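*Asks:* What follows is coords-v8.tsv, TSV, N, CA and C atoms and all ligand atoms.
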```
chain	number	residue	atom	x	y	z
K	1	MET	N	15.25	-4.00	-4.43
K	1	MET	CA	14.38	-5.18	-4.42
K	1	MET	C	13.26	-4.99	-5.44
K	2	THR	N	13.01	-6.00	-6.22
K	2	THR	CA	11.92	-5.91	-7.19
K	2	THR	C	10.60	-6.30	-6.53
K	3	VAL	N	9.53	-5.99	-7.22
K	3	VAL	CA	8.21	-6.35	-6.70
K	3	VAL	C	8.08	-7.88	-6.60
K	4	SER	N	8.63	-8.58	-7.59
K	4	SER	CA	8.58	-10.05	-7.53
K	4	SER	C	9.32	-10.57	-6.31
K	5	GLU	N	10.46	-9.96	-6.00
K	5	GLU	CA	11.21	-10.38	-4.81
K	5	GLU	C	10.43	-10.07	-3.54
K	6	MET	N	9.72	-8.93	-3.54
K	6	MET	CA	8.88	-8.62	-2.38
K	6	MET	C	7.81	-9.70	-2.21
K	7	GLN	N	7.17	-10.07	-3.31
K	7	GLN	CA	6.13	-11.10	-3.23
K	7	GLN	C	6.71	-12.42	-2.72
K	8	GLN	N	7.91	-12.74	-3.20
K	8	GLN	CA	8.54	-14.00	-2.77
K	8	GLN	C	8.92	-13.94	-1.29
K	9	GLN	N	9.42	-12.78	-0.85
K	9	GLN	CA	9.83	-12.66	0.55
K	9	GLN	C	8.62	-12.75	1.48
K	10	VAL	N	7.54	-12.08	1.10
K	10	VAL	CA	6.32	-12.16	1.91
K	10	VAL	C	5.80	-13.60	1.93
K	11	ASP	N	5.84	-14.25	0.77
K	11	ASP	CA	5.36	-15.64	0.72
K	11	ASP	C	6.23	-16.54	1.60
K	12	GLY	N	7.54	-16.31	1.57
K	12	GLY	CA	8.43	-17.08	2.43
K	12	GLY	C	8.12	-16.89	3.90
K	13	TRP	N	7.80	-15.67	4.26
K	13	TRP	CA	7.46	-15.38	5.66
K	13	TRP	C	6.16	-16.06	6.06
K	14	ILE	N	5.12	-15.86	5.25
K	14	ILE	CA	3.80	-16.38	5.61
K	14	ILE	C	3.77	-17.90	5.53
K	15	SER	N	4.54	-18.47	4.62
K	15	SER	CA	4.56	-19.93	4.47
K	15	SER	C	5.21	-20.64	5.66
K	16	ARG	N	5.85	-19.89	6.52
K	16	ARG	CA	6.46	-20.49	7.71
K	16	ARG	C	5.41	-20.88	8.75
K	17	PHE	N	4.19	-20.41	8.58
K	17	PHE	CA	3.17	-20.58	9.62
K	17	PHE	C	2.00	-21.41	9.11
K	18	GLU	N	1.48	-22.24	10.01
K	18	GLU	CA	0.35	-23.12	9.67
K	18	GLU	C	-0.86	-22.33	9.19
K	19	GLU	N	-1.07	-21.15	9.76
K	19	GLU	CA	-2.28	-20.38	9.43
K	19	GLU	C	-2.29	-19.91	7.97
K	20	GLY	N	-1.12	-19.67	7.42
K	20	GLY	CA	-1.04	-19.22	6.03
K	20	GLY	C	-1.68	-17.87	5.83
K	21	TYR	N	-2.14	-17.64	4.60
K	21	TYR	CA	-2.74	-16.35	4.26
K	21	TYR	C	-4.12	-16.22	4.86
K	22	PHE	N	-4.49	-14.98	5.19
K	22	PHE	CA	-5.85	-14.69	5.64
K	22	PHE	C	-6.82	-14.84	4.47
K	23	SER	N	-8.08	-14.97	4.80
K	23	SER	CA	-9.14	-14.98	3.78
K	23	SER	C	-9.23	-13.59	3.15
K	24	PRO	N	-9.85	-13.48	1.96
K	24	PRO	CA	-10.03	-12.15	1.36
K	24	PRO	C	-10.77	-11.18	2.27
K	25	GLN	N	-11.75	-11.69	3.00
K	25	GLN	CA	-12.49	-10.80	3.90
K	25	GLN	C	-11.57	-10.23	4.97
K	26	THR	N	-10.75	-11.08	5.54
K	26	THR	CA	-9.82	-10.61	6.57
K	26	THR	C	-8.76	-9.70	5.98
K	27	MET	N	-8.35	-9.97	4.75
K	27	MET	CA	-7.39	-9.07	4.10
K	27	MET	C	-7.96	-7.66	3.99
K	28	ILE	N	-9.23	-7.58	3.63
K	28	ILE	CA	-9.86	-6.25	3.52
K	28	ILE	C	-9.86	-5.56	4.89
K	29	LEU	N	-10.17	-6.33	5.92
K	29	LEU	CA	-10.16	-5.75	7.27
K	29	LEU	C	-8.76	-5.31	7.67
K	30	ARG	N	-7.76	-6.12	7.29
K	30	ARG	CA	-6.37	-5.74	7.59
K	30	ARG	C	-6.00	-4.45	6.86
K	31	LEU	N	-6.43	-4.32	5.60
K	31	LEU	CA	-6.17	-3.08	4.87
K	31	LEU	C	-6.82	-1.90	5.57
K	32	ALA	N	-8.05	-2.09	6.02
K	32	ALA	CA	-8.76	-1.01	6.72
K	32	ALA	C	-8.05	-0.65	8.02
K	33	GLU	N	-7.59	-1.68	8.74
K	33	GLU	CA	-6.85	-1.42	9.99
K	33	GLU	C	-5.62	-0.56	9.72
K	34	GLU	N	-4.84	-1.00	8.75
K	34	GLU	CA	-3.59	-0.29	8.48
K	34	GLU	C	-3.83	1.09	7.88
K	35	LEU	N	-4.88	1.22	7.08
K	35	LEU	CA	-5.22	2.55	6.55
K	35	LEU	C	-5.60	3.48	7.70
K	36	GLY	N	-6.33	2.95	8.66
K	36	GLY	CA	-6.69	3.74	9.84
K	36	GLY	C	-5.46	4.18	10.61
K	37	GLU	N	-4.50	3.29	10.74
K	37	GLU	CA	-3.26	3.64	11.45
K	37	GLU	C	-2.49	4.71	10.68
K	38	LEU	N	-2.48	4.60	9.36
K	38	LEU	CA	-1.82	5.63	8.55
K	38	LEU	C	-2.58	6.96	8.69
K	39	ALA	N	-3.89	6.89	8.65
K	39	ALA	CA	-4.70	8.11	8.78
K	39	ALA	C	-4.43	8.79	10.12
K	40	ARG	N	-4.28	8.00	11.14
K	40	ARG	CA	-4.00	8.55	12.47
K	40	ARG	C	-2.68	9.32	12.47
K	41	GLU	N	-1.67	8.73	11.84
K	41	GLU	CA	-0.37	9.41	11.77
K	41	GLU	C	-0.45	10.69	10.95
K	42	VAL	N	-1.19	10.65	9.85
K	42	VAL	CA	-1.34	11.84	9.02
K	42	VAL	C	-2.07	12.92	9.80
K	43	ASN	N	-3.08	12.54	10.53
K	43	ASN	CA	-3.84	13.52	11.31
K	43	ASN	C	-2.97	14.13	12.40
K	44	HIS	N	-2.14	13.32	13.01
K	44	HIS	CA	-1.25	13.85	14.04
K	44	HIS	C	-0.22	14.80	13.44
K	45	ARG	N	0.29	14.44	12.30
K	45	ARG	CA	1.38	15.23	11.73
K	45	ARG	C	0.89	16.44	10.95
K	46	PHE	N	-0.19	16.29	10.19
K	46	PHE	CA	-0.64	17.37	9.31
K	46	PHE	C	-2.03	17.89	9.66
K	47	GLY	N	-2.74	17.18	10.48
K	47	GLY	CA	-4.12	17.52	10.72
K	47	GLY	C	-4.32	18.32	11.98
K	48	GLU	N	-5.50	18.21	12.50
K	48	GLU	CA	-5.90	19.05	13.61
K	48	GLU	C	-5.93	18.30	14.93
K	49	LYS	N	-5.31	17.12	14.96
K	49	LYS	CA	-5.34	16.32	16.18
K	49	LYS	C	-3.92	15.95	16.61
K	50	PRO	N	-3.23	16.88	17.23
K	50	PRO	CA	-1.87	16.54	17.67
K	50	PRO	C	-1.89	15.44	18.71
K	51	LYS	N	-0.77	14.77	18.80
K	51	LYS	CA	-0.65	13.70	19.80
K	51	LYS	C	-0.56	14.29	21.19
K	52	LYS	N	-0.98	13.48	22.15
K	52	LYS	CA	-0.75	13.85	23.54
K	52	LYS	C	0.75	13.76	23.81
K	53	PRO	N	1.23	14.54	24.74
K	53	PRO	CA	2.68	14.53	24.99
K	53	PRO	C	3.22	13.14	25.32
K	54	GLU	N	2.41	12.30	25.95
K	54	GLU	CA	2.92	10.99	26.36
K	54	GLU	C	2.85	9.94	25.24
K	55	GLU	N	2.18	10.30	24.12
K	55	GLU	CA	2.08	9.33	23.03
K	55	GLU	C	3.40	9.27	22.24
K	56	PRO	N	3.85	8.07	21.91
K	56	PRO	CA	5.10	7.96	21.14
K	56	PRO	C	4.91	8.46	19.71
K	57	GLU	N	5.99	8.96	19.16
K	57	GLU	CA	5.97	9.42	17.77
K	57	GLU	C	5.82	8.21	16.86
K	58	GLY	N	4.87	8.28	15.93
K	58	GLY	CA	4.69	7.19	14.98
K	58	GLY	C	5.50	7.44	13.72
K	59	SER	N	5.33	6.56	12.78
K	59	SER	CA	6.09	6.69	11.54
K	59	SER	C	5.16	6.52	10.35
K	60	LEU	N	5.05	7.59	9.56
K	60	LEU	CA	4.26	7.48	8.33
K	60	LEU	C	4.85	6.40	7.42
K	61	ALA	N	6.15	6.35	7.36
K	61	ALA	CA	6.81	5.37	6.48
K	61	ALA	C	6.45	3.95	6.91
K	62	MET	N	6.49	3.70	8.21
K	62	MET	CA	6.18	2.34	8.67
K	62	MET	C	4.71	2.00	8.44
K	63	GLU	N	3.84	2.98	8.59
K	63	GLU	CA	2.42	2.70	8.33
K	63	GLU	C	2.18	2.45	6.83
K	64	LEU	N	2.86	3.21	5.98
K	64	LEU	CA	2.78	2.91	4.54
K	64	LEU	C	3.34	1.52	4.27
K	65	GLY	N	4.41	1.18	4.97
K	65	GLY	CA	5.00	-0.15	4.81
K	65	GLY	C	4.05	-1.25	5.24
K	66	ASP	N	3.32	-1.01	6.33
K	66	ASP	CA	2.33	-2.00	6.76
K	66	ASP	C	1.28	-2.21	5.68
K	67	LEU	N	0.83	-1.11	5.09
K	67	LEU	CA	-0.16	-1.22	4.01
K	67	LEU	C	0.42	-2.01	2.83
K	68	LEU	N	1.67	-1.69	2.50
K	68	LEU	CA	2.32	-2.40	1.39
K	68	LEU	C	2.40	-3.90	1.69
K	69	PHE	N	2.75	-4.24	2.91
K	69	PHE	CA	2.84	-5.65	3.29
K	69	PHE	C	1.50	-6.35	3.09
K	70	VAL	N	0.42	-5.70	3.51
K	70	VAL	CA	-0.90	-6.32	3.37
K	70	VAL	C	-1.29	-6.41	1.90
K	71	VAL	N	-0.98	-5.38	1.12
K	71	VAL	CA	-1.31	-5.43	-0.32
K	71	VAL	C	-0.55	-6.59	-0.99
K	72	VAL	N	0.72	-6.72	-0.65
K	72	VAL	CA	1.51	-7.82	-1.24
K	72	VAL	C	0.96	-9.17	-0.78
K	73	SER	N	0.61	-9.27	0.49
K	73	SER	CA	0.03	-10.51	1.00
K	73	SER	C	-1.27	-10.85	0.28
K	74	PHE	N	-2.10	-9.83	0.10
K	74	PHE	CA	-3.39	-10.03	-0.56
K	74	PHE	C	-3.16	-10.50	-2.00
K	75	ALA	N	-2.24	-9.85	-2.68
K	75	ALA	CA	-1.93	-10.26	-4.07
K	75	ALA	C	-1.45	-11.71	-4.10
K	76	ASN	N	-0.58	-12.06	-3.16
K	76	ASN	CA	-0.09	-13.45	-3.11
K	76	ASN	C	-1.24	-14.42	-2.88
K	77	ALA	N	-2.11	-14.08	-1.93
K	77	ALA	CA	-3.22	-14.99	-1.61
K	77	ALA	C	-4.13	-15.19	-2.82
K	78	LEU	N	-4.22	-14.15	-3.66
K	78	LEU	CA	-5.07	-14.24	-4.86
K	78	LEU	C	-4.27	-14.73	-6.07
K	79	GLU	N	-2.99	-15.06	-5.84
K	79	GLU	CA	-2.10	-15.51	-6.91
K	79	GLU	C	-2.00	-14.50	-8.04
K	80	LEU	N	-1.87	-13.23	-7.67
K	80	LEU	CA	-1.70	-12.16	-8.64
K	80	LEU	C	-0.23	-11.77	-8.71
K	81	ASP	N	0.23	-11.52	-9.93
K	81	ASP	CA	1.59	-11.03	-10.16
K	81	ASP	C	1.52	-9.49	-10.13
K	82	LEU	N	2.10	-8.90	-9.09
K	82	LEU	CA	1.98	-7.44	-8.94
K	82	LEU	C	2.72	-6.68	-10.04
K	83	ASN	N	3.69	-7.30	-10.69
K	83	ASN	CA	4.31	-6.65	-11.86
K	83	ASN	C	3.27	-6.46	-12.96
K	84	GLN	N	2.52	-7.50	-13.23
K	84	GLN	CA	1.48	-7.41	-14.25
K	84	GLN	C	0.37	-6.46	-13.83
K	85	VAL	N	0.00	-6.54	-12.55
K	85	VAL	CA	-1.06	-5.67	-12.03
K	85	VAL	C	-0.63	-4.20	-12.18
K	86	PHE	N	0.62	-3.90	-11.78
K	86	PHE	CA	1.08	-2.52	-11.85
K	86	PHE	C	1.14	-2.03	-13.29
K	87	ALA	N	1.62	-2.88	-14.19
K	87	ALA	CA	1.69	-2.48	-15.60
K	87	ALA	C	0.29	-2.17	-16.13
K	88	SER	N	-0.68	-2.97	-15.75
K	88	SER	CA	-2.06	-2.73	-16.21
K	88	SER	C	-2.61	-1.44	-15.63
K	89	VAL	N	-2.33	-1.20	-14.36
K	89	VAL	CA	-2.85	0.00	-13.71
K	89	VAL	C	-2.21	1.26	-14.31
K	90	MET	N	-0.89	1.21	-14.55
K	90	MET	CA	-0.23	2.38	-15.14
K	90	MET	C	-0.76	2.64	-16.54
K	91	ALA	N	-0.98	1.58	-17.29
K	91	ALA	CA	-1.54	1.75	-18.65
K	91	ALA	C	-2.92	2.39	-18.57
K	92	LYS	N	-3.69	1.99	-17.59
K	92	LYS	CA	-5.02	2.59	-17.41
K	92	LYS	C	-4.91	4.08	-17.13
K	93	TYR	N	-4.05	4.45	-16.18
K	93	TYR	CA	-3.91	5.87	-15.84
K	93	TYR	C	-3.35	6.67	-17.01
K	94	GLU	N	-2.36	6.09	-17.70
K	94	GLU	CA	-1.74	6.83	-18.80
K	94	GLU	C	-2.73	7.06	-19.93
K	95	ASP	N	-3.67	6.18	-20.08
K	95	ASP	CA	-4.70	6.35	-21.11
K	95	ASP	C	-5.81	7.27	-20.59
K	96	ARG	N	-6.37	6.92	-19.48
K	96	ARG	CA	-7.54	7.64	-18.96
K	96	ARG	C	-7.23	9.07	-18.56
K	97	ASP	N	-6.05	9.28	-17.96
K	97	ASP	CA	-5.75	10.59	-17.36
K	97	ASP	C	-4.70	11.37	-18.14
K	98	ALA	N	-4.45	10.98	-19.38
K	98	ALA	CA	-3.38	11.63	-20.16
K	98	ALA	C	-3.61	13.13	-20.28
K	99	LEU	N	-4.83	13.57	-20.37
K	99	LEU	CA	-5.13	14.99	-20.57
K	99	LEU	C	-5.77	15.62	-19.34
K	100	ARG	N	-5.76	14.89	-18.25
K	100	ARG	CA	-6.45	15.39	-17.06
K	100	ARG	C	-5.65	16.46	-16.31
K	101	TRP	N	-4.32	16.31	-16.30
K	101	TRP	CA	-3.47	17.19	-15.49
K	101	TRP	C	-2.67	18.11	-16.38
K	102	THR	N	-2.16	19.18	-15.78
K	102	THR	CA	-1.38	20.16	-16.52
K	102	THR	C	0.02	19.60	-16.78
K	103	PRO	N	0.37	19.43	-18.02
K	103	PRO	CA	1.70	18.85	-18.31
K	103	PRO	C	2.82	19.84	-18.00
K	104	LYS	N	3.95	19.31	-17.59
K	104	LYS	CA	5.13	20.15	-17.37
K	104	LYS	C	5.81	20.48	-18.69
K	105	ASN	N	5.54	19.66	-19.71
K	105	ASN	CA	6.13	19.88	-21.03
K	105	ASN	C	5.69	21.26	-21.54
K	106	PRO	N	6.65	22.20	-21.80
K	106	PRO	CA	6.26	23.55	-22.23
K	106	PRO	C	5.51	23.58	-23.54
K	107	SER	N	5.65	22.55	-24.36
K	107	SER	CA	4.91	22.54	-25.63
K	107	SER	C	3.43	22.30	-25.43
K	108	GLY	N	3.08	21.93	-24.23
K	108	GLY	CA	1.67	21.71	-23.92
K	108	GLY	C	1.17	20.33	-24.30
K	109	GLY	N	2.05	19.50	-24.78
K	109	GLY	CA	1.64	18.15	-25.15
K	109	GLY	C	1.41	17.29	-23.93
K	110	PRO	N	0.89	16.13	-24.14
K	110	PRO	CA	0.66	15.24	-23.00
K	110	PRO	C	1.98	14.81	-22.38
K	111	PRO	N	1.98	14.51	-21.11
K	111	PRO	CA	3.22	14.07	-20.47
K	111	PRO	C	3.75	12.82	-21.14
K	112	LEU	N	5.06	12.70	-21.14
K	112	LEU	CA	5.67	11.53	-21.77
K	112	LEU	C	5.33	10.28	-21.01
K	201	MG	MG	0.38	-0.28	11.14
```
Would it be possible to restate this file's structure as structure tokens?
*Replies:*
Amino acid sequence: MTVSEMQQQVDGWISRFEEGYFSPQTMILRLAEELGELAREVNHRFGEKPKKPEEPEGSLAMELGDLLFVVVSFANALELDLNQVFASVMAKYEDRDALRWTPKNPSGGPPL
């Protein structure tokens, strides 16, 4: 599935309901909610707060998926093309951080 198809599928889902997209403020709160849920799973799995025996096992993948859903929803609500957004962000990192990390290339040149 392409990112454009993801945006279309999310739009198809949300367009089925009268409420439509949340406001930007609520989108931020939704991101915070889902980030907290992901953080909880990370803490249980890798951190110092194991789950109680009666707590069900969560899924890091599903929590990442929830975050992705909200990011895609937010982009749709703002009428942003995530393909263009991603291309711009990668170009930023490739320029800004080209010499920041140790390249795997044995010649010592910047990563391809
Ligand atoms: Mg969640």
*Asks:* Using only N, CA and C atoms, which residues sit within 8 Å of region 12-21 of chain K once same-chain residues fewer than 4 positions away are excluded, as an mmCIF file with N, CA and C atoms, in the coordinates of the input?
*Replies:*
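around.cif written:
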```cif
data_model
loop_
_atom_site.group_PDB
_atom_site.id
_atom_site.type_symbol
_atom_site.label_atom_id
_atom_site.label_comp_id
_atom_site.auth_asym_id
_atom_site.auth_seq_id
_atom_site.Cartn_x
_atom_site.Cartn_y
_atom_site.Cartn_z
ATOM 1 N N MET K 6 9.720 -8.930 -3.540
ATOM 2 C CA MET K 6 8.880 -8.620 -2.380
ATOM 3 C C MET K 6 7.810 -9.700 -2.210
ATOM 4 N N GLN K 7 7.170 -10.070 -3.310
ATOM 5 C CA GLN K 7 6.130 -11.100 -3.230
ATOM 6 C C GLN K 7 6.710 -12.420 -2.720
ATOM 7 N N GLN K 8 7.910 -12.740 -3.200
ATOM 8 C CA GLN K 8 8.540 -14.000 -2.770
ATOM 9 C C GLN K 8 8.920 -13.940 -1.290
ATOM 10 N N MET K 27 -8.350 -9.970 4.750
ATOM 11 C CA MET K 27 -7.390 -9.070 4.100
ATOM 12 C C MET K 27 -7.960 -7.660 3.990
ATOM 13 N N SER K 73 0.610 -9.270 0.490
ATOM 14 C CA SER K 73 0.030 -10.510 1.000
ATOM 15 C C SER K 73 -1.270 -10.850 0.280
ATOM 16 N N PHE K 74 -2.100 -9.830 0.100
ATOM 17 C CA PHE K 74 -3.390 -10.030 -0.560
ATOM 18 C C PHE K 74 -3.160 -10.500 -2.000
ATOM 19 N N ASN K 76 -0.580 -12.060 -3.160
ATOM 20 C CA ASN K 76 -0.090 -13.450 -3.110
ATOM 21 C C ASN K 76 -1.240 -14.420 -2.880
ATOM 22 N N ALA K 77 -2.110 -14.080 -1.930
ATOM 23 C CA ALA K 77 -3.220 -14.990 -1.610
ATOM 24 C C ALA K 77 -4.130 -15.190 -2.820
#
```
*Asks:* Write as a PyMOL selection string the residues around ligand MG 201 (chain K), taking 8 Å as the cut-off and counting all atoms listed in the file.
*Replies:* chain K and resi 33-38+62-67
*Asks:* Which residues in chain K does DSSP call helix (DSSP H, G or I)? List them as a VMD selection string.
*Replies:* chain K and resid 3 to 14 24 to 46 60 to 77 82 to 96
*Asks:* From the set K:Leu68, K:Glu57, K:Leu31, K:Gly47, which residue has the shortest atom-to-atom contact distance to Leu82 (chain K), counting only C-alpha atoms?
*Replies:*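 Under the stated criterion, the closest residue is K:Leu68.
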*Asks:* Hey, can you check how far atom N of Asp11 (chain K) sits from atom C of Gly58 (chain K)?
*Replies:* 25.3 Å
*Asks:* Between CA of Leu29 (chain K) and atom C of Lys92 (chain K), what is the distance, to one decimal in Å?
*Replies:* 26.8 Å
*Asks:* Could you tell me how far atom C of Val85 (chain K) lies from atom C of Ser23 (chain K), in Å and to one decimal?
*Replies:*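 So the answer is 19.9 Å.
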